[in-house]
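Asker: To start, I am sharing the structure in question, which I have written as C-alpha cells.
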Amino acid sequence: MIRVLVADDDPMVRAGVRAILATDPGISVVAEAASGHEAVEQVQRHHPDVAMLDIRMPGVDGIEAAAEIRRTVPDTGVVILTTFGEDDYILQALGRGAAGFLIKSGDPEELIAGVRAVAGGAAYLSPTVAARVVAHLAAGDTAMLAGRRRAARGLVEALTAREREVLAHLGSGLSNGQIARRLHVAEGTVKAHVSSILMRLDVTNRAAAAVVAHEAGIVPEQG
C-alpha cells in the first residue's frame with residue numbers, strides 16, 4: 001500500500017485529490033495538511049511514501065516544505081502540485097528535492113501515475129509540466145536558452161551510449177524497474193547508471209535530470 005500525505009490550503013482541492021487517489025486500491029491517504037509547516041509535521045509523524053505539496057501555502061510554502069521533508073525524512077518522495085502560472089516555482093523546486101511535478105487541472109490518471117512513480121523511486125515530470133518548463137525557458141533570453149540547450153547536449157554527449165538510453169527513459173518518467181525491463185538488464189545495473197548520470201550531469205535528483213534530457217532533445221515524443 002502506498003501511503004500519501006496531501007497538503008493544500010484549499011480544502012476542496014484536498015478533497016478532490018483524495019477522491020482521485022481513492023480510486024486506486026493500492027493508494028491510501030494517511031494525512032492531510034493546510035500549510036507547509038503542518039505538512040512537514042505530518043510527514044515527520046506518519047512517514048508516508050509520498051507527500052503531495054501545493055506550491056503556494058501560507059507561512060512555509062511548498063518549496064520550503066519540500067526541502068525540509070527531504071532533509072528530515074528522506075525516504076518520503078515529494079510531488080509538487082502546480083498550476084499553469086507557476087513556472088518559476090517549478091524551476092526553483094527542481095533544486096529543492098522534489099521528485100514529481102503535476103498540474104492540478106491535469107488528467108486524474110496522471111495524479112495516480114505520478115504517485116506510483118515517485119513511490120517506486122522514479123521521477124515523474126508530467127508531460128504538460130515538462131512542456132511548460134521548456135516553454136518558460138524559451139520565453140526568456142534567446143541566447144540564454146540556446147546556451148542551456150547547448151550545455152544540455154554537451155552534458156548528454158559526454159555520457160556513455162547506455163547512460164543516454166537510461167536518461168531518455170528517465171526523462172519519460174520510467175522507474176528503474178521499467179527501464180531495466182526495456183533494456184533487458186538487471187535493475188541494480190540501471191540504479192548504478194542513474195547514480196552515474198546524476199553525478200555526471202551535476203544534478204541532485206531524477207526530476208532535474210529529466211529536465212536536462214528534455215532540453216537536450218533526447219526524450220521520445222509522448223504517443
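Residue names in the C-alpha cells use chain letters A, B, ... in the order shown, residue numbers from 1 in each chain, and ligand numbers from 1 in the order shown.
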So which bits of range 9-168 of chain A end up strand (DSSP E) when you DSSP the backbone, as a list in words?

Answerer: Ile27, Ser28, Val29, Val30, Ala31, Glu32, Ala33, Val50, Ala51, Met52, Leu53, Asp54, Gly77, Val78, Val79, Ile80, Leu81, Thr82, Gly100, Phe101, Leu102, Ile103, Tyr124 and Leu125 of chain A

Asker: Determine, counting only C-alpha atoms, which protein, DNA and RNA residues have an atom within 12 Å of an atom of Leu81 in chain A; residues of the same chain fewer than 2 positions away are not included. Present the result as a PDB file with N, CA, C and O atoms, in the first residue's frame.

Answerer:
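So the final result, stored in selection05.pdb, reads:
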```pdb
ATOM      1  N   VAL A   6      -1.451  14.613   1.650  1.00  0.00           N
ATOM      2  CA  VAL A   6      -1.904  15.648   0.723  1.00  0.00           C
ATOM      3  C   VAL A   6      -1.903  16.991   1.447  1.00  0.00           C
ATOM      4  O   VAL A   6      -2.556  17.141   2.484  1.00  0.00           O
ATOM      5  N   ALA A   7      -1.149  17.961   0.920  1.00  0.00           N
ATOM      6  CA  ALA A   7      -1.069  19.286   1.550  1.00  0.00           C
ATOM      7  C   ALA A   7      -1.500  20.368   0.567  1.00  0.00           C
ATOM      8  O   ALA A   7      -0.897  20.528  -0.500  1.00  0.00           O
ATOM      9  N   ASP A   8      -2.561  21.096   0.931  1.00  0.00           N
ATOM     10  CA  ASP A   8      -3.056  22.214   0.128  1.00  0.00           C
ATOM     11  C   ASP A   8      -3.907  23.069   1.050  1.00  0.00           C
ATOM     12  O   ASP A   8      -4.656  22.532   1.873  1.00  0.00           O
ATOM     13  N   ASP A   9      -3.805  24.392   0.927  1.00  0.00           N
ATOM     14  CA  ASP A   9      -4.588  25.236   1.822  1.00  0.00           C
ATOM     15  C   ASP A   9      -6.062  25.324   1.415  1.00  0.00           C
ATOM     16  O   ASP A   9      -6.877  25.867   2.149  1.00  0.00           O
ATOM     17  N   VAL A  13      -9.599  21.335  -2.862  1.00  0.00           N
ATOM     18  CA  VAL A  13      -8.537  20.683  -3.631  1.00  0.00           C
ATOM     19  C   VAL A  13      -8.106  19.399  -2.927  1.00  0.00           C
ATOM     20  O   VAL A  13      -7.939  18.353  -3.561  1.00  0.00           O
ATOM     21  N   ARG A  14      -7.926  19.477  -1.614  1.00  0.00           N
ATOM     22  CA  ARG A  14      -7.534  18.271  -0.868  1.00  0.00           C
ATOM     23  C   ARG A  14      -8.576  17.168  -1.041  1.00  0.00           C
ATOM     24  O   ARG A  14      -8.241  15.999  -1.243  1.00  0.00           O
ATOM     25  N   VAL A  17      -8.256  15.681  -4.585  1.00  0.00           N
ATOM     26  CA  VAL A  17      -7.083  14.811  -4.718  1.00  0.00           C
ATOM     27  C   VAL A  17      -7.332  13.494  -3.987  1.00  0.00           C
ATOM     28  O   VAL A  17      -7.036  12.411  -4.509  1.00  0.00           O
ATOM     29  N   ALA A  51       4.621  12.627  -0.364  1.00  0.00           N
ATOM     30  CA  ALA A  51       3.977  13.851   0.120  1.00  0.00           C
ATOM     31  C   ALA A  51       3.632  14.702  -1.090  1.00  0.00           C
ATOM     32  O   ALA A  51       4.514  15.055  -1.874  1.00  0.00           O
ATOM     33  N   MET A  52       2.344  15.010  -1.255  1.00  0.00           N
ATOM     34  CA  MET A  52       1.899  15.860  -2.361  1.00  0.00           C
ATOM     35  C   MET A  52       1.705  17.271  -1.826  1.00  0.00           C
ATOM     36  O   MET A  52       0.876  17.494  -0.937  1.00  0.00           O
ATOM     37  N   LEU A  53       2.484  18.221  -2.340  1.00  0.00           N
ATOM     38  CA  LEU A  53       2.503  19.570  -1.782  1.00  0.00           C
ATOM     39  C   LEU A  53       2.083  20.613  -2.814  1.00  0.00           C
ATOM     40  O   LEU A  53       2.632  20.649  -3.927  1.00  0.00           O
ATOM     41  N   ASP A  54       1.119  21.457  -2.431  1.00  0.00           N
ATOM     42  CA  ASP A  54       0.817  22.630  -3.239  1.00  0.00           C
ATOM     43  C   ASP A  54       2.001  23.592  -3.112  1.00  0.00           C
ATOM     44  O   ASP A  54       2.659  23.651  -2.064  1.00  0.00           O
ATOM     45  N   ILE A  55       2.294  24.333  -4.156  1.00  0.00           N
ATOM     46  CA  ILE A  55       3.405  25.286  -4.080  1.00  0.00           C
ATOM     47  C   ILE A  55       3.067  26.452  -3.157  1.00  0.00           C
ATOM     48  O   ILE A  55       3.830  26.802  -2.262  1.00  0.00           O
ATOM     49  N   ARG A  56       1.901  27.057  -3.373  1.00  0.00           N
ATOM     50  CA  ARG A  56       1.550  28.257  -2.615  1.00  0.00           C
ATOM     51  C   ARG A  56       0.678  27.908  -1.418  1.00  0.00           C
ATOM     52  O   ARG A  56      -0.500  27.586  -1.550  1.00  0.00           O
ATOM     53  N   MET A  57       1.297  27.974  -0.246  1.00  0.00           N
ATOM     54  CA  MET A  57       0.585  27.742   1.009  1.00  0.00           C
ATOM     55  C   MET A  57       1.012  28.813   2.004  1.00  0.00           C
ATOM     56  O   MET A  57       2.113  29.367   1.888  1.00  0.00           O
ATOM     57  N   ASP A  61       5.998  27.696   2.347  1.00  0.00           N
ATOM     58  CA  ASP A  61       5.397  27.273   1.087  1.00  0.00           C
ATOM     59  C   ASP A  61       5.862  25.862   0.709  1.00  0.00           C
ATOM     60  O   ASP A  61       6.649  25.229   1.422  1.00  0.00           O
ATOM     61  N   GLY A  62       5.350  25.367  -0.418  1.00  0.00           N
ATOM     62  CA  GLY A  62       5.648  24.005  -0.821  1.00  0.00           C
ATOM     63  C   GLY A  62       7.110  23.756  -1.111  1.00  0.00           C
ATOM     64  O   GLY A  62       7.625  22.662  -0.867  1.00  0.00           O
ATOM     65  N   ILE A  63       7.793  24.777  -1.634  1.00  0.00           N
ATOM     66  CA  ILE A  63       9.212  24.608  -1.954  1.00  0.00           C
ATOM     67  C   ILE A  63      10.043  24.450  -0.677  1.00  0.00           C
ATOM     68  O   ILE A  63      10.894  23.557  -0.566  1.00  0.00           O
ATOM     69  N   ALA A  66       9.225  21.103   0.889  1.00  0.00           N
ATOM     70  CA  ALA A  66       9.878  20.002   0.172  1.00  0.00           C
ATOM     71  C   ALA A  66      11.317  19.832   0.631  1.00  0.00           C
ATOM     72  O   ALA A  66      11.779  18.715   0.883  1.00  0.00           O
ATOM     73  N   VAL A  78       8.646  13.544  -2.708  1.00  0.00           N
ATOM     74  CA  VAL A  78       7.829  14.764  -2.763  1.00  0.00           C
ATOM     75  C   VAL A  78       7.319  15.013  -4.180  1.00  0.00           C
ATOM     76  O   VAL A  78       8.097  15.016  -5.139  1.00  0.00           O
ATOM     77  N   VAL A  79       6.000  15.203  -4.277  1.00  0.00           N
ATOM     78  CA  VAL A  79       5.364  15.576  -5.542  1.00  0.00           C
ATOM     79  C   VAL A  79       4.799  16.982  -5.381  1.00  0.00           C
ATOM     80  O   VAL A  79       4.083  17.263  -4.425  1.00  0.00           O
ATOM     81  N   THR A  83       0.128  24.989 -10.906  1.00  0.00           N
ATOM     82  CA  THR A  83      -0.818  25.495 -11.887  1.00  0.00           C
ATOM     83  C   THR A  83      -0.021  26.069 -13.047  1.00  0.00           C
ATOM     84  O   THR A  83       1.207  26.182 -12.983  1.00  0.00           O
ATOM     85  N   PHE A  84      -0.707  26.458 -14.107  1.00  0.00           N
ATOM     86  CA  PHE A  84      -0.011  26.919 -15.301  1.00  0.00           C
ATOM     87  C   PHE A  84       0.779  28.194 -15.081  1.00  0.00           C
ATOM     88  O   PHE A  84       1.688  28.491 -15.824  1.00  0.00           O
ATOM     89  N   GLY A  85       0.463  28.974 -14.062  1.00  0.00           N
ATOM     90  CA  GLY A  85       1.135  30.256 -13.882  1.00  0.00           C
ATOM     91  C   GLY A  85       2.323  30.230 -12.957  1.00  0.00           C
ATOM     92  O   GLY A  85       2.775  31.282 -12.527  1.00  0.00           O
ATOM     93  N   GLU A  86       2.845  29.054 -12.632  1.00  0.00           N
ATOM     94  CA  GLU A  86       3.875  28.974 -11.595  1.00  0.00           C
ATOM     95  C   GLU A  86       5.176  28.344 -12.089  1.00  0.00           C
ATOM     96  O   GLU A  86       5.851  27.622 -11.375  1.00  0.00           O
ATOM     97  N   ASP A  87       5.548  28.646 -13.341  1.00  0.00           N
ATOM     98  CA  ASP A  87       6.734  28.027 -13.926  1.00  0.00           C
ATOM     99  C   ASP A  87       8.016  28.366 -13.173  1.00  0.00           C
ATOM    100  O   ASP A  87       8.905  27.538 -13.029  1.00  0.00           O
ATOM    101  N   TYR A  89       8.332  28.829 -10.035  1.00  0.00           N
ATOM    102  CA  TYR A  89       8.360  27.999  -8.833  1.00  0.00           C
ATOM    103  C   TYR A  89       8.802  26.570  -9.159  1.00  0.00           C
ATOM    104  O   TYR A  89       9.495  25.929  -8.380  1.00  0.00           O
ATOM    105  N   ILE A  90       8.369  26.080 -10.309  1.00  0.00           N
ATOM    106  CA  ILE A  90       8.772  24.734 -10.718  1.00  0.00           C
ATOM    107  C   ILE A  90      10.284  24.658 -10.828  1.00  0.00           C
ATOM    108  O   ILE A  90      10.919  23.718 -10.329  1.00  0.00           O
ATOM    109  N   ALA A  93      11.816  24.581  -7.434  1.00  0.00           N
ATOM    110  CA  ALA A  93      11.587  23.321  -6.726  1.00  0.00           C
ATOM    111  C   ALA A  93      12.468  22.198  -7.243  1.00  0.00           C
ATOM    112  O   ALA A  93      12.779  21.254  -6.515  1.00  0.00           O
ATOM    113  N   ALA A  98      12.301  17.955  -4.914  1.00  0.00           N
ATOM    114  CA  ALA A  98      11.039  17.404  -5.402  1.00  0.00           C
ATOM    115  C   ALA A  98      11.325  16.376  -6.494  1.00  0.00           C
ATOM    116  O   ALA A  98      12.198  16.567  -7.331  1.00  0.00           O
ATOM    117  N   ALA A  99      10.557  15.284  -6.478  1.00  0.00           N
ATOM    118  CA  ALA A  99      10.764  14.208  -7.454  1.00  0.00           C
ATOM    119  C   ALA A  99       9.657  14.142  -8.491  1.00  0.00           C
ATOM    120  O   ALA A  99       9.786  13.433  -9.482  1.00  0.00           O
ATOM    121  N   GLY A 100       8.549  14.873  -8.261  1.00  0.00           N
ATOM    122  CA  GLY A 100       7.443  14.828  -9.198  1.00  0.00           C
ATOM    123  C   GLY A 100       6.775  16.187  -9.324  1.00  0.00           C
ATOM    124  O   GLY A 100       6.754  16.967  -8.366  1.00  0.00           O
ATOM    125  N   PHE A 101       6.242  16.465 -10.504  1.00  0.00           N
ATOM    126  CA  PHE A 101       5.542  17.722 -10.762  1.00  0.00           C
ATOM    127  C   PHE A 101       4.282  17.420 -11.542  1.00  0.00           C
ATOM    128  O   PHE A 101       4.326  16.802 -12.599  1.00  0.00           O
ATOM    129  N   LEU A 102       3.140  17.856 -11.018  1.00  0.00           N
ATOM    130  CA  LEU A 102       1.847  17.590 -11.640  1.00  0.00           C
ATOM    131  C   LEU A 102       1.024  18.864 -11.735  1.00  0.00           C
ATOM    132  O   LEU A 102       1.085  19.717 -10.856  1.00  0.00           O
ATOM    133  N   ILE A 103       0.246  18.979 -12.812  1.00  0.00           N
ATOM    134  CA  ILE A 103      -0.672  20.099 -12.981  1.00  0.00           C
ATOM    135  C   ILE A 103      -1.993  19.755 -12.294  1.00  0.00           C
ATOM    136  O   ILE A 103      -2.553  18.682 -12.519  1.00  0.00           O
ATOM    137  N   LYS A 104      -2.495  20.670 -11.460  1.00  0.00           N
ATOM    138  CA  LYS A 104      -3.739  20.416 -10.733  1.00  0.00           C
ATOM    139  C   LYS A 104      -4.912  20.107 -11.660  1.00  0.00           C
ATOM    140  O   LYS A 104      -5.772  19.294 -11.328  1.00  0.00           O
ATOM    141  N   SER A 105      -4.947  20.788 -12.779  1.00  0.00           N
ATOM    142  CA  SER A 105      -6.068  20.614 -13.698  1.00  0.00           C
ATOM    143  C   SER A 105      -5.810  19.533 -14.746  1.00  0.00           C
ATOM    144  O   SER A 105      -6.540  19.415 -15.726  1.00  0.00           O
ATOM    145  N   GLY A 106      -4.771  18.720 -14.531  1.00  0.00           N
ATOM    146  CA  GLY A 106      -4.419  17.690 -15.499  1.00  0.00           C
ATOM    147  C   GLY A 106      -5.310  16.466 -15.402  1.00  0.00           C
ATOM    148  O   GLY A 106      -6.265  16.407 -14.624  1.00  0.00           O
ATOM    149  N   GLU A 110      -2.924  11.014 -14.402  1.00  0.00           N
ATOM    150  CA  GLU A 110      -1.555  11.483 -14.180  1.00  0.00           C
ATOM    151  C   GLU A 110      -1.246  11.579 -12.697  1.00  0.00           C
ATOM    152  O   GLU A 110      -0.120  11.338 -12.265  1.00  0.00           O
ATOM    153  N   LEU A 111      -2.259  11.948 -11.904  1.00  0.00           N
ATOM    154  CA  LEU A 111      -2.076  12.068 -10.460  1.00  0.00           C
ATOM    155  C   LEU A 111      -1.673  10.715  -9.877  1.00  0.00           C
ATOM    156  O   LEU A 111      -0.715  10.605  -9.104  1.00  0.00           O
ATOM    157  N   GLY A 114       1.778   9.652 -11.195  1.00  0.00           N
ATOM    158  CA  GLY A 114       2.845  10.381 -10.525  1.00  0.00           C
ATOM    159  C   GLY A 114       3.145   9.839  -9.141  1.00  0.00           C
ATOM    160  O   GLY A 114       4.304   9.669  -8.761  1.00  0.00           O
ATOM    161  N   VAL A 115       2.092   9.551  -8.378  1.00  0.00           N
ATOM    162  CA  VAL A 115       2.263   8.990  -7.030  1.00  0.00           C
ATOM    163  C   VAL A 115       2.966   7.639  -7.114  1.00  0.00           C
ATOM    164  O   VAL A 115       3.906   7.355  -6.361  1.00  0.00           O
ATOM    165  N   TYR A 124       8.750  11.836 -11.725  1.00  0.00           N
ATOM    166  CA  TYR A 124       7.605  11.941 -12.621  1.00  0.00           C
ATOM    167  C   TYR A 124       7.424  13.399 -12.990  1.00  0.00           C
ATOM    168  O   TYR A 124       6.963  14.205 -12.194  1.00  0.00           O
ATOM    169  N   LEU A 125       7.820  13.721 -14.196  1.00  0.00           N
ATOM    170  CA  LEU A 125       7.654  15.067 -14.712  1.00  0.00           C
ATOM    171  C   LEU A 125       6.514  14.979 -15.714  1.00  0.00           C
ATOM    172  O   LEU A 125       6.684  14.452 -16.810  1.00  0.00           O
ATOM    173  N   SER A 126       5.328  15.421 -15.308  1.00  0.00           N
ATOM    174  CA  SER A 126       4.176  15.396 -16.197  1.00  0.00           C
ATOM    175  C   SER A 126       4.563  15.950 -17.559  1.00  0.00           C
ATOM    176  O   SER A 126       5.259  16.961 -17.637  1.00  0.00           O
ATOM    177  N   VAL A 129       3.906  19.481 -17.673  1.00  0.00           N
ATOM    178  CA  VAL A 129       4.852  20.294 -16.907  1.00  0.00           C
ATOM    179  C   VAL A 129       6.171  20.422 -17.649  1.00  0.00           C
ATOM    180  O   VAL A 129       6.757  21.507 -17.722  1.00  0.00           O
TER     181      VAL A 129
END
```

Asker: Any idea what's packed within 9 Å of Gln42 in chain A, counting only C-alpha atoms, ignoring anything in its chain fewer than 3 positions away? Could you give it as number ranges by chain?

Answerer: A: 5, 31-33, 37-39, 45-48

Asker: Go through A:Ala117, A:Ala67, A:Ala216, A:Ile27 and flag the residue nearest Arg150 in chain A, using only C-alpha atoms for the distances.

Answerer: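 Of A:Ala117, A:Ala67, A:Ala216, A:Ile27, the one nearest Arg150 in chain A, counting only C-alpha atoms, is A:Ala216.
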
Asker: List the neighbours of Arg149 in chain A out to 8 Å using only C-alpha atoms; skip same-chain residues closer than 3 positions along the sequence, and give me the result as a PDB file with C-alpha atoms, in the first residue's frame.

Answerer:
```
ATOM      1  CA  LEU A 145      18.010  29.384 -23.982  1.00  0.00           C
ATOM      2  CA  ALA A 146      20.424  28.422 -26.737  1.00  0.00           C
ATOM      3  CA  ALA A 152      22.488  20.088 -22.026  1.00  0.00           C
ATOM      4  CA  ARG A 153      23.545  18.482 -25.307  1.00  0.00           C
ATOM      5  CA  GLU A 215      16.464  20.302 -23.013  1.00  0.00           C
ATOM      6  CA  ALA A 216      18.882  18.041 -24.890  1.00  0.00           C
TER       7      ALA A 216
END
```

Asker: Would you pick out the contacts of Thr72 in chain A at 10 Å or less, using only C-alpha atoms, so that residues sharing its chain but fewer than 4 positions from it are not included, and give the list as JSON, numbers by chain?

Answerer: {"A": [40, 43, 44, 67, 68, 76]}

Asker: When you count only C-alpha atoms, which of these residues is closest to Asp49 in chain A: A:Asp10, A:Glu165, A:Glu187, A:Asp75?

Answerer: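 Closest residue, counting only C-alpha atoms: A:Asp75.
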
Asker: Name all residues at most 7 Å from range 167-180 of chain A (count only C-alpha atoms; drop same-chain ones fewer than 6 positions away) and give them as a list in words.

Answerer: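 So the residues in contact are Ala117, Gly120, Gly121, Ala122, Ala123, Tyr124, Leu125, Ala186, Glu187, Val190, Lys191, Ala210, Ala213, His214, Ile218 and Val219 of chain A.
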
Asker: What separation in Å, quoted to one decimal, exists between CA of Glu64 in chain A and CA of Gly36 in chain A?

Answerer: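 Separation of CA of Glu64 in chain A and CA of Gly36 in chain A: 7.5 Å.
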
Asker: If you run DSSP on this backbone, which residues of range 27-186 of chain A come out as helix (DSSP H, G or I), and could you give them as a PyMOL selection string?

Answerer: chain A and resi 36-46+62-72+87-94+108-119+127-138+142-157+161-171+176-183

Asker: Store the residues picked out above in a file with C-alpha atoms, as a short mmCIF file (atom, residue, chain, number, x, y, z; two decimals), in the first residue's frame.

Answerer:
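Result saved to part.cif:
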```
data_model
loop_
_atom_site.label_atom_id
_atom_site.label_comp_id
_atom_site.auth_asym_id
_atom_site.auth_seq_id
_atom_site.Cartn_x
_atom_site.Cartn_y
_atom_site.Cartn_z
CA GLY A 36 3.74 23.82 4.57
CA HIS A 37 4.61 23.81 8.28
CA GLU A 38 1.78 21.37 9.02
CA ALA A 39 2.85 19.22 6.05
CA VAL A 40 6.37 18.85 7.45
CA GLU A 41 4.97 17.94 10.89
CA GLN A 42 2.57 15.37 9.42
CA VAL A 43 5.31 13.79 7.30
CA GLN A 44 7.58 13.52 10.33
CA ARG A 45 4.72 11.91 12.27
CA HIS A 46 3.39 9.49 9.62
CA GLY A 62 5.65 24.00 -0.82
CA ILE A 63 9.21 24.61 -1.95
CA GLU A 64 10.50 25.21 1.59
CA ALA A 65 8.44 22.27 2.87
CA ALA A 66 9.88 20.00 0.17
CA ALA A 67 13.43 20.89 1.17
CA GLU A 68 12.71 20.27 4.87
CA ILE A 69 10.98 16.97 4.17
CA ARG A 70 13.87 15.77 2.03
CA ARG A 71 16.28 16.80 4.80
CA THR A 72 14.44 15.21 7.73
CA ASP A 87 6.73 28.03 -13.93
CA ASP A 88 9.31 29.99 -11.92
CA TYR A 89 8.36 28.00 -8.83
CA ILE A 90 8.77 24.73 -10.72
CA LEU A 91 12.32 25.66 -11.65
CA GLN A 92 13.08 26.56 -8.03
CA ALA A 93 11.59 23.32 -6.73
CA LEU A 94 13.76 21.25 -9.07
CA PRO A 108 -6.65 12.40 -12.98
CA GLU A 109 -4.73 9.37 -14.25
CA GLU A 110 -1.55 11.48 -14.18
CA LEU A 111 -2.08 12.07 -10.46
CA ILE A 112 -2.09 8.33 -9.78
CA ALA A 113 0.77 7.68 -12.20
CA GLY A 114 2.84 10.38 -10.53
CA VAL A 115 2.26 8.99 -7.03
CA ARG A 116 3.11 5.46 -8.15
CA ALA A 117 6.25 6.58 -9.99
CA VAL A 118 7.63 8.61 -7.09
CA ALA A 119 6.74 5.88 -4.57
CA PRO A 127 4.49 15.81 -19.98
CA THR A 128 2.46 19.00 -19.57
CA VAL A 129 4.85 20.29 -16.91
CA ALA A 130 7.90 19.36 -18.97
CA ALA A 131 6.47 21.27 -21.92
CA ARG A 132 5.76 24.28 -19.67
CA VAL A 133 9.31 24.28 -18.29
CA VAL A 134 10.80 24.20 -21.78
CA ALA A 135 8.33 26.87 -22.99
CA HIS A 136 9.15 29.04 -19.99
CA LEU A 137 12.84 28.81 -20.75
CA ALA A 138 12.12 29.55 -24.41
CA THR A 142 17.19 33.60 -26.72
CA ALA A 143 20.93 33.45 -26.18
CA MET A 144 20.41 32.06 -22.68
CA LEU A 145 18.01 29.38 -23.98
CA ALA A 146 20.42 28.42 -26.74
CA GLY A 147 23.17 28.23 -24.14
CA ARG A 148 21.10 25.94 -21.90
CA ARG A 149 20.28 23.63 -24.79
CA ARG A 150 23.90 23.61 -25.95
CA ALA A 151 25.07 22.86 -22.40
CA ALA A 152 22.49 20.09 -22.03
CA ARG A 153 23.54 18.48 -25.31
CA GLY A 154 27.19 18.72 -24.26
CA LEU A 155 26.47 17.04 -20.94
CA VAL A 156 24.46 14.29 -22.59
CA GLU A 157 27.07 13.67 -25.27
CA ALA A 161 25.59 5.31 -25.05
CA ARG A 162 23.89 3.20 -22.37
CA GLU A 163 23.66 6.14 -19.97
CA ARG A 164 21.99 8.19 -22.71
CA GLU A 165 19.44 5.42 -23.19
CA VAL A 166 18.75 5.30 -19.46
CA LEU A 167 18.46 9.10 -19.28
CA ALA A 168 15.98 9.18 -22.16
CA HIS A 169 13.76 6.64 -20.40
CA LEU A 170 14.19 8.50 -17.10
CA GLY A 171 13.02 11.65 -18.86
CA ASN A 176 14.37 1.78 -12.55
CA GLY A 177 12.41 -1.47 -12.88
CA GLN A 178 10.64 -0.31 -16.03
CA ILE A 179 13.91 0.88 -17.57
CA ALA A 180 15.55 -2.46 -16.70
CA ARG A 181 12.79 -4.34 -18.50
CA ARG A 182 13.03 -2.07 -21.55
CA LEU A 183 16.80 -2.55 -21.78
#
```

Asker: Could you work out how far CA of Asn205 in chain A lies from CA of Gly217 in chain A, giving the answer in Å with one decimal?

Answerer: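 Here the two named atoms are 18.9 Å from each other.
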
Asker: To one decimal place, how far is CA of Gly26 in chain A from CA of Thr204 in chain A in Å?

Answerer: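 About the pair CA of Gly26 in chain A and CA of Thr204 in chain A: they are 28.9 Å apart.
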
Asker: A:Gly97, A:Leu21, A:His184, A:Gly77: which is nearest Ala209 in chain A, counting only C-alpha atoms?

Answerer: A:Gly97
